[in-house]
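Colleague: To be precise about what I am sending: the file is called input_11.txt and holds compact mmCIF, C-alpha atoms.
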```
# COMPACT_ATOMS: atom_id res chain seq x y z
CA MET E 10 73.43 85.95 99.78
CA ASN E 11 75.16 87.29 96.68
CA SER E 12 73.74 89.77 94.20
CA VAL E 13 72.75 87.68 91.17
CA GLU E 14 73.28 90.64 88.84
CA GLU E 15 76.87 91.05 90.06
CA LEU E 16 77.50 87.32 89.74
CA LYS E 17 76.20 87.35 86.16
CA GLN E 18 78.35 90.34 85.31
CA PHE E 19 81.62 88.93 86.63
CA VAL E 20 81.21 85.29 85.62
CA VAL E 21 81.24 86.08 81.90
CA VAL E 22 85.00 86.64 81.74
CA HIS E 23 85.58 83.37 83.63
CA SER E 24 83.25 81.46 81.31
CA ARG E 25 85.03 82.79 78.24
CA ALA E 26 88.45 82.09 79.73
CA GLN E 27 87.41 78.50 80.38
CA GLY E 28 86.26 78.08 76.79
CA LEU E 29 82.58 77.52 77.57
CA PRO E 30 80.41 78.17 74.50
CA GLY E 31 78.42 81.38 74.65
CA GLU E 32 75.13 79.59 74.07
CA LEU E 33 75.85 77.36 77.09
CA TYR E 34 76.65 80.02 79.69
CA GLU E 35 74.13 82.51 78.31
CA GLY E 36 71.43 79.83 78.44
CA VAL E 37 72.21 79.02 82.07
CA LEU E 38 72.31 82.68 83.06
CA THR E 39 68.84 83.30 81.62
CA ARG E 40 67.41 80.60 83.92
CA ILE E 41 68.93 82.07 87.11
CA GLU E 42 66.65 84.26 89.20
CA HIS E 43 68.14 84.21 92.72
CA ASP E 44 71.04 83.00 94.86
CA GLY E 45 69.05 80.89 97.26
CA GLU E 46 68.18 77.20 96.97
CA GLY E 47 66.28 75.07 94.47
CA PRO E 48 65.28 75.67 90.83
CA GLY E 49 66.24 79.06 89.48
CA SER E 50 69.09 79.49 91.93
CA TRP E 51 72.69 80.16 90.91
CA THR E 52 74.12 76.91 92.20
CA ALA E 53 71.21 74.68 91.18
CA GLU E 54 71.11 75.85 87.56
CA TRP E 55 74.87 75.64 87.02
CA SER E 56 74.96 72.23 88.73
CA ALA E 57 72.11 70.97 86.53
CA ALA E 58 74.07 72.03 83.43
CA ALA E 59 77.13 70.24 84.80
CA GLU E 60 75.14 67.05 85.40
CA ARG E 61 73.88 67.03 81.82
CA LEU E 62 77.38 67.52 80.43
CA ALA E 63 78.81 64.78 82.65
CA GLU E 64 76.11 62.37 81.49
CA GLU E 65 77.11 63.18 77.90
CA GLY E 66 80.73 62.34 78.75
CA ASN E 67 81.96 65.94 78.53
CA LEU E 68 83.85 65.93 81.83
CA LEU E 69 85.87 69.05 81.13
CA ALA E 70 82.86 71.27 80.45
CA ALA E 71 81.05 69.66 83.41
CA CYS E 72 84.02 70.49 85.62
CA GLN E 73 83.91 74.13 84.55
CA CYS E 74 80.15 74.37 85.15
CA TRP E 75 80.52 72.95 88.67
CA ASN E 76 83.32 75.45 89.14
CA THR E 77 80.88 78.22 88.26
CA ALA E 78 78.22 76.69 90.52
CA ARG E 79 80.49 77.25 93.54
CA PHE E 80 81.39 80.79 92.33
CA PRO E 81 82.40 83.15 93.93
CA PHE E 82 83.24 81.09 97.04
CA VAL E 83 81.85 78.26 99.13
CA ASN E 84 79.29 79.64 101.59
CA GLY E 85 77.10 76.63 102.25
CA PRO E 86 76.39 72.96 101.47
CA ALA E 87 75.27 73.49 97.86
CA ARG E 88 78.43 75.31 96.83
CA ALA E 89 80.57 72.88 98.84
CA GLU E 90 79.02 69.99 96.90
CA ALA E 91 79.62 71.83 93.62
CA LEU E 92 83.31 72.26 94.48
CA THR E 93 83.62 68.56 95.35
CA ARG E 94 82.02 67.59 92.05
CA CYS E 95 84.27 70.04 90.18
CA VAL E 96 87.45 68.52 91.63
CA ASP E 97 86.16 64.98 91.06
CA ALA E 98 85.32 65.69 87.40
CA TYR E 99 88.74 67.18 86.85
CA GLY E 100 90.36 64.17 88.48
CA ARG E 101 88.50 61.80 86.17
CA TRP E 102 89.35 63.92 83.12
CA SER E 103 93.03 64.27 84.05
CA ALA E 104 93.37 60.51 84.59
CA GLU E 105 93.00 60.18 80.82
CA GLN E 106 95.75 62.73 80.10
CA ALA E 107 99.49 62.20 79.91
CA ASN E 108 101.58 63.17 82.94
CA ILE E 109 99.08 65.20 84.98
CA ARG E 110 99.22 64.55 88.69
CA ARG E 111 97.65 65.87 91.89
CA ILE E 112 100.13 67.09 94.52
CA GLU E 113 99.46 67.97 98.15
CA VAL E 114 101.53 70.63 99.92
CA GLN E 115 101.61 71.01 103.70
CA LEU E 116 102.76 74.43 104.90
CA ASP E 117 103.97 74.61 108.50
CA ASP E 118 107.61 75.59 108.89
CA GLY E 119 107.34 76.15 112.63
CA SER E 120 107.37 79.94 112.25
CA ALA E 121 104.56 82.39 112.85
CA GLY E 122 103.79 82.27 109.13
CA PRO E 123 100.78 80.72 107.38
CA LYS E 124 99.82 77.13 108.16
CA GLY E 125 97.59 74.69 106.37
CA ARG E 126 97.54 72.55 103.27
CA PHE E 127 96.71 73.04 99.66
CA PHE E 128 96.62 70.99 96.49
CA CYS E 129 97.76 71.62 92.97
CA TRP E 130 97.60 69.95 89.59
CA ALA E 131 100.94 69.54 87.81
CA GLY E 132 101.70 68.53 84.24
CA GLY E 133 104.92 67.84 82.35
CA LEU E 134 107.17 67.16 85.35
CA SER E 135 110.17 65.03 84.44
CA PRO E 136 112.41 63.13 86.87
CA THR E 137 115.33 63.24 84.41
CA GLU E 138 115.00 66.43 82.34
CA GLU E 139 115.11 69.87 83.95
CA ARG E 140 112.27 71.94 82.52
CA PRO E 141 111.21 75.53 83.04
CA LEU E 142 108.08 75.72 85.17
CA LEU E 143 105.02 77.81 84.40
CA LEU E 144 102.93 78.57 87.49
CA LEU E 145 99.25 79.18 86.71
CA MET E 146 97.04 80.89 89.27
CA GLY E 147 93.75 82.75 89.15
CA GLY E 148 92.37 85.43 91.43
CA ILE E 149 90.14 85.42 94.48
CA VAL E 150 87.28 83.58 92.74
CA SER E 151 89.24 81.16 90.51
CA VAL E 152 89.92 77.50 91.29
CA LYS E 153 92.89 75.58 89.92
CA GLU E 154 90.70 73.30 87.80
CA GLN E 155 90.00 76.10 85.32
CA TRP E 156 93.54 75.62 83.93
CA ALA E 157 92.78 72.10 82.68
CA PRO E 158 93.45 72.57 78.95
CA ALA E 159 96.79 74.31 79.56
CA LEU E 160 98.14 71.49 81.73
CA ALA E 161 97.34 68.99 79.00
CA GLN E 162 99.70 70.92 76.68
CA ALA E 163 102.67 70.92 79.07
CA GLU E 164 104.49 68.02 77.43
CA ALA E 165 104.11 69.53 73.96
CA THR E 166 105.66 72.83 75.06
CA GLY E 167 108.65 71.21 76.75
CA MET E 168 107.68 72.88 80.01
CA ALA E 169 106.36 71.77 83.33
CA MET E 170 103.17 73.49 84.49
CA VAL E 171 101.42 73.69 87.82
CA ALA E 172 97.98 75.11 88.63
CA ALA E 173 97.41 76.36 92.17
CA GLU E 174 94.91 78.49 94.11
CA LEU E 175 95.10 81.52 96.33
CA PRO E 176 94.70 80.88 100.06
CA GLY E 177 91.07 80.30 100.94
CA VAL E 178 90.09 79.49 97.35
CA GLY E 179 88.92 76.01 96.37
CA GLU E 180 90.87 73.36 98.27
CA ASN E 181 93.46 75.76 99.69
CA THR E 182 92.95 75.79 103.47
CA LEU E 183 95.38 78.64 104.17
CA THR E 184 94.04 82.01 105.28
CA TYR E 185 94.79 84.88 102.92
CA THR E 186 97.26 87.21 104.68
CA PRO E 187 100.17 89.47 103.68
CA ASP E 188 102.46 86.46 104.34
CA SER E 189 100.60 84.21 101.89
CA TRP E 190 103.45 84.54 99.37
CA ARG E 191 105.25 81.89 101.45
CA MET E 192 103.07 79.23 99.85
CA LEU E 193 104.96 79.61 96.57
CA PRO E 194 108.43 78.60 97.85
CA ALA E 195 106.75 75.69 99.65
CA LEU E 196 105.03 74.71 96.40
CA LEU E 197 108.30 74.82 94.44
CA ASP E 198 110.01 72.67 97.09
CA ALA E 199 107.20 70.11 96.87
CA LEU E 200 107.34 70.00 93.07
CA ALA E 201 111.08 69.32 93.20
CA GLU E 202 110.26 66.00 94.86
CA HIS E 203 108.38 64.94 91.72
CA GLY E 204 110.53 66.31 88.92
CA ARG E 205 113.46 68.52 88.00
CA VAL E 206 112.24 72.12 87.97
CA GLY E 207 114.28 74.89 86.38
CA GLN E 208 113.49 78.59 86.16
CA VAL E 209 109.97 79.56 87.24
CA TYR E 210 107.62 81.94 85.46
CA ALA E 211 104.20 82.88 86.79
CA ALA E 212 101.05 83.56 84.78
CA ALA E 213 99.17 84.78 87.82
CA MET E 214 95.89 86.61 87.36
CA SER E 215 94.57 89.47 89.48
CA PHE E 216 95.26 88.99 93.21
CA SER E 217 97.57 86.04 92.58
CA GLY E 218 99.66 88.42 90.46
CA HIS E 219 100.13 90.54 93.55
CA LEU E 220 101.08 87.44 95.54
CA ALA E 221 103.58 86.36 92.87
CA LEU E 222 105.22 89.80 92.79
CA ARG E 223 105.73 89.73 96.54
CA ALA E 224 107.06 86.18 96.40
CA ALA E 225 109.53 87.19 93.67
CA LEU E 226 111.14 89.60 96.14
CA HIS E 227 112.10 86.61 98.31
CA GLU E 228 112.22 83.61 95.95
CA PRO E 229 115.07 83.69 93.38
CA ARG E 230 113.61 80.76 91.43
CA ILE E 231 110.86 83.08 90.12
CA ARG E 232 112.28 84.73 86.97
CA GLY E 233 109.22 86.51 85.59
CA VAL E 234 105.58 87.36 86.35
CA VAL E 235 102.77 88.03 83.86
CA THR E 236 99.43 89.15 85.26
CA VAL E 237 96.06 90.67 84.38
CA GLY E 238 94.53 93.36 86.58
CA ALA E 239 96.62 92.75 89.70
CA PRO E 240 96.21 95.07 92.70
CA VAL E 241 99.49 96.63 93.80
CA SER E 242 99.13 99.30 96.45
CA GLY E 243 96.33 101.79 95.84
CA PHE E 244 93.63 99.13 95.84
CA PHE E 245 94.59 98.22 99.39
CA THR E 246 94.88 101.76 100.74
CA ASP E 247 92.58 104.09 98.78
CA ARG E 248 89.45 104.27 100.95
CA ASP E 249 87.56 106.52 98.54
CA TRP E 250 88.14 104.11 95.62
CA TYR E 251 87.26 101.12 97.79
CA ASP E 252 83.99 102.64 99.01
CA ARG E 253 82.96 104.11 95.67
CA SER E 254 84.01 101.55 93.08
CA VAL E 255 84.89 98.09 94.38
CA PRO E 256 81.92 95.70 93.84
CA ARG E 257 80.26 94.03 96.80
CA VAL E 258 81.11 90.53 95.54
CA THR E 259 84.83 91.46 95.64
CA LYS E 260 84.54 92.81 99.17
CA ASP E 261 82.53 89.79 100.35
CA THR E 262 85.02 87.36 98.81
CA LEU E 263 88.01 89.11 100.36
CA ALA E 264 86.28 89.07 103.75
CA HIS E 265 85.73 85.32 103.34
CA LEU E 266 89.35 84.61 102.34
CA THR E 267 90.96 86.82 104.99
CA GLY E 268 88.57 86.09 107.85
CA LEU E 269 88.14 89.84 108.37
CA GLY E 270 84.73 91.36 109.02
CA PRO E 271 83.29 93.94 106.61
CA ALA E 272 83.99 96.81 109.01
CA GLU E 273 87.66 95.89 109.48
CA LEU E 274 88.41 94.64 105.99
CA LEU E 275 89.89 97.76 104.40
CA ASP E 276 92.07 98.53 107.42
CA GLY E 277 93.31 94.95 107.35
CA LEU E 278 94.02 95.07 103.62
CA GLY E 279 96.46 97.95 104.11
CA ALA E 280 99.18 95.51 105.12
CA PHE E 281 98.97 93.84 101.67
CA ALA E 282 100.14 96.95 99.79
CA LEU E 283 103.50 96.64 98.06
CA ARG E 284 105.80 99.48 99.13
CA ASP E 285 107.58 101.68 96.62
CA GLU E 286 110.98 100.27 97.55
CA GLU E 287 109.71 96.72 97.04
CA LEU E 288 108.42 97.43 93.54
CA ALA E 289 111.60 99.31 92.63
CA GLY E 290 113.57 96.32 93.93
CA LEU E 291 112.03 93.83 91.52
CA ARG E 292 114.79 92.39 89.34
CA ILE E 293 112.55 90.36 87.06
CA PRO E 294 110.48 91.26 84.00
CA VAL E 295 106.82 91.98 84.76
CA GLY E 296 104.04 91.77 82.16
CA TYR E 297 100.71 93.39 82.98
CA THR E 298 97.43 93.53 81.03
CA VAL E 299 95.61 96.75 81.86
CA SER E 300 91.85 97.16 81.56
CA LEU E 301 91.39 100.89 81.04
CA ARG E 302 87.88 100.85 82.52
CA ASP E 303 88.74 98.53 85.40
CA GLU E 304 86.14 98.94 88.15
CA ILE E 305 88.17 96.95 90.70
CA ILE E 306 91.81 97.98 90.26
CA PRO E 307 92.44 101.76 90.41
CA ALA E 308 94.42 103.43 87.64
CA SER E 309 96.88 104.59 90.31
CA ASP E 310 98.18 101.02 90.61
CA VAL E 311 99.23 100.95 86.96
CA ALA E 312 100.77 104.40 87.35
CA THR E 313 102.76 103.10 90.32
CA LEU E 314 104.04 100.18 88.26
CA ARG E 315 105.04 102.52 85.40
CA ARG E 316 106.93 104.72 87.83
CA LEU E 317 108.79 102.06 89.79
CA VAL E 318 109.14 98.65 88.10
CA PRO E 319 112.41 98.56 86.11
CA ASP E 320 111.29 96.02 83.46
CA LEU E 321 107.57 96.49 82.83
CA ARG E 322 105.69 95.32 79.72
CA LEU E 323 102.13 96.59 79.36
CA ASN E 324 99.19 95.35 77.30
CA GLU E 325 96.19 97.70 77.30
CA HIS E 326 92.53 97.08 76.48
CA ASP E 327 89.61 99.48 76.57
CA ASP E 328 87.61 97.12 78.77
CA VAL E 329 86.44 96.39 82.31
CA HIS E 330 88.21 94.20 84.90
CA GLY E 331 89.70 91.06 83.39
CA SER E 332 89.09 92.40 79.84
CA PRO E 333 86.21 89.98 79.08
CA GLU E 334 85.91 91.30 75.49
CA HIS E 335 89.60 90.54 74.83
CA VAL E 336 90.10 87.07 76.32
CA ASP E 337 91.77 85.58 73.25
CA GLU E 338 94.06 88.56 72.73
CA THR E 339 95.07 88.58 76.40
CA ARG E 340 95.77 84.85 76.37
CA ALA E 341 97.95 85.16 73.26
CA TRP E 342 99.83 88.15 74.69
CA THR E 343 100.39 86.32 77.98
CA VAL E 344 101.85 83.27 76.23
CA GLU E 345 104.03 85.42 73.98
CA THR E 346 105.28 87.44 76.94
CA VAL E 347 106.13 84.39 79.03
CA PHE E 348 108.12 82.84 76.18
CA GLY E 349 109.80 86.19 75.59
CA MET E 350 110.93 86.22 79.21
CA MET E 351 112.37 82.74 78.81
CA ALA E 352 114.41 83.63 75.74
CA PRO E 353 118.07 84.41 76.43
CA PRO E 354 119.06 88.03 75.82
CA SER E 355 120.32 88.64 72.27
```
Take the structure from the file and write it as structure tokens.

Modeller:
Amino acid sequence: MNSVEELKQFVVVHSRAQGLPGELYEGVLTRIEHDGEGPGSWTAEWSAAAERLAEEGNLLAACQCWNTARFPFVNGPARAEALTRCVDAYGRWSAEQANIRRIEVQLDDGSAGPKGRFFCWAGGLSPTEERPLLLLMGGIVSVKEQWAPALAQAEATGMAMVAAELPGVGENTLTYTPDSWRMLPALLDALAEHGRVGQVYAAAMSFSGHLALRAALHEPRIRGVVTVGAPVSGFFTDRDWYDRSVPRVTKDTLAHLTGLGPAELLDGLGAFALRDEELAGLRIPVGYTVSLRDEIIPASDVATLRRLVPDLRLNEHDDVHGSPEHVDETRAWTVETVFGMMAPPS
């Protein structure tokens, strides 16, 4: 069972990022007393809010409330049902939008690498016009459906966009391992069957930022990565920081995604750390929003990036992980940085 106080603390940034009105999520949070079953529970209260919104015809807000009902990860029937309802609501909403489609990717190349299947939502793919692709991914607690409004704008921007999930999150059946970066080349290959994809840029938050950086070392189609609060190396190796600072909900979620037990989790995470030579070998621009009071990502990770990454662009906020008090500023900076990466050098 999750700590309700931790859930309330960390869900605020996700609610703001999804555009939920403050009176809506604050009202739900005041009714939550425990993380068990029935009235007053995390999943029941968020699901009840979703039901009301769906009945009113507000499928997008209902989708985001069901998303929050299954937060931080599916650990039983109630959260599994919430995830199903979230995906269904998004599917009904996206059916009314122009050029948004659901794509399945099967990953099994016959090697010892990761195997399984995952789904993504793609917008703006064109069979005739090659368009730059923006990859949208959240962290260890974020499902692909939270990117709904962005995908609806793909056509207007002249880009293709795709929203995906980290292994183990939402509908992604892969196990989260150091080789999980291999899902991104497989995703790009699958998208090429549906439209002409040009250069790829990733707006990949938190742990998916780490995954995108590792993939960029192997996948030349990735031309830039912008992230918020991504772990790099110290998070995965600094035992004192891990024991002292990392919240229980983060540890529990990582244990769920990796399949590692609590006692073996930190030792297993060591293999995820990006080595100095890998970071120094990045030949793409990297944008990174830093939360100066981040309780999850150690300051040493940002220092490592400053020291090693050749083309690093930083955006700093005096805030906690995810910069919940600066959501609009971070979103604007992310968009500006991605378009700056796309612009040809002067």

Colleague: Can you check which parts of range 253-336 of chain E lie within 12 Å of range 210-213 of chain E? Per residue, the shortest pair of atoms and distance in Å to one decimal, counting all atoms listed in the file, sorted by chain and number, as CSV.

Modeller:
```
residue,atom,partner,partner_atom,distance
E:Ile293,CA,E:Tyr210,CA,9.9
E:Pro294,CA,E:Tyr210,CA,9.9
E:Val295,CA,E:Ala211,CA,9.7
E:Gly296,CA,E:Ala212,CA,9.1
E:Tyr297,CA,E:Ala213,CA,10.0
E:Thr298,CA,E:Ala213,CA,11.2
```

Colleague: Between E:Lys153, E:Arg292, E:Arg140, E:His326, single out the one closest to Met214 in chain E, counting only C-alpha atoms.

Modeller: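 Among E:Lys153, E:Arg292, E:Arg140, E:His326, it is E:Lys153 that comes nearest to Met214 in chain E.
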
Colleague: Quick one: residues within 12 Å of (107.1, 68.7, 94.6) (file frame), counting all atoms listed in the file, please, as an MDAnalysis selection string.

Modeller: chainID E and resid 110:115 128:132 134:136 142 169:171 193:206

Colleague: Would you pick out the contacts of Ala352 in chain E at 12 Å or less, using all atoms listed in the file, so that residues sharing its chain but fewer than 4 positions from it are not included, and give the list as a count of residues only?

Modeller: 10

Colleague: Can you work out the spacing between CA of Ala172 in chain E and CA of Phe127 in chain E in Å, to one decimal?

Modeller: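 About the pair CA of Ala172 in chain E and CA of Phe127 in chain E: they are 11.3 Å apart.
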
Colleague: Please tabulate, as a Markdown table, the residues of range 148-200 of chain E that come within 12 Å of range 18-32 of chain E, each with its closest pair of atoms and the distance in Å to one decimal, counting all atoms listed in the file and ordering rows by chain, then residue number upward.

Modeller:
```
| residue | atom | partner | partner_atom | distance |
| --- | --- | --- | --- | --- |
| E:Gly148 | CA | E:His23 | CA | 10.5 |
| E:Ile149 | CA | E:His23 | CA | 11.9 |
| E:Val150 | CA | E:His23 | CA | 9.3 |
| E:Ser151 | CA | E:His23 | CA | 8.1 |
| E:Val152 | CA | E:His23 | CA | 10.6 |
| E:Lys153 | CA | E:Gln27 | CA | 11.4 |
| E:Glu154 | CA | E:Gln27 | CA | 9.6 |
| E:Gln155 | CA | E:Gln27 | CA | 6.1 |
| E:Trp156 | CA | E:Gln27 | CA | 7.6 |
| E:Ala157 | CA | E:Gln27 | CA | 8.7 |
| E:Pro158 | CA | E:Gln27 | CA | 8.6 |
| E:Ala159 | CA | E:Gln27 | CA | 10.3 |
```
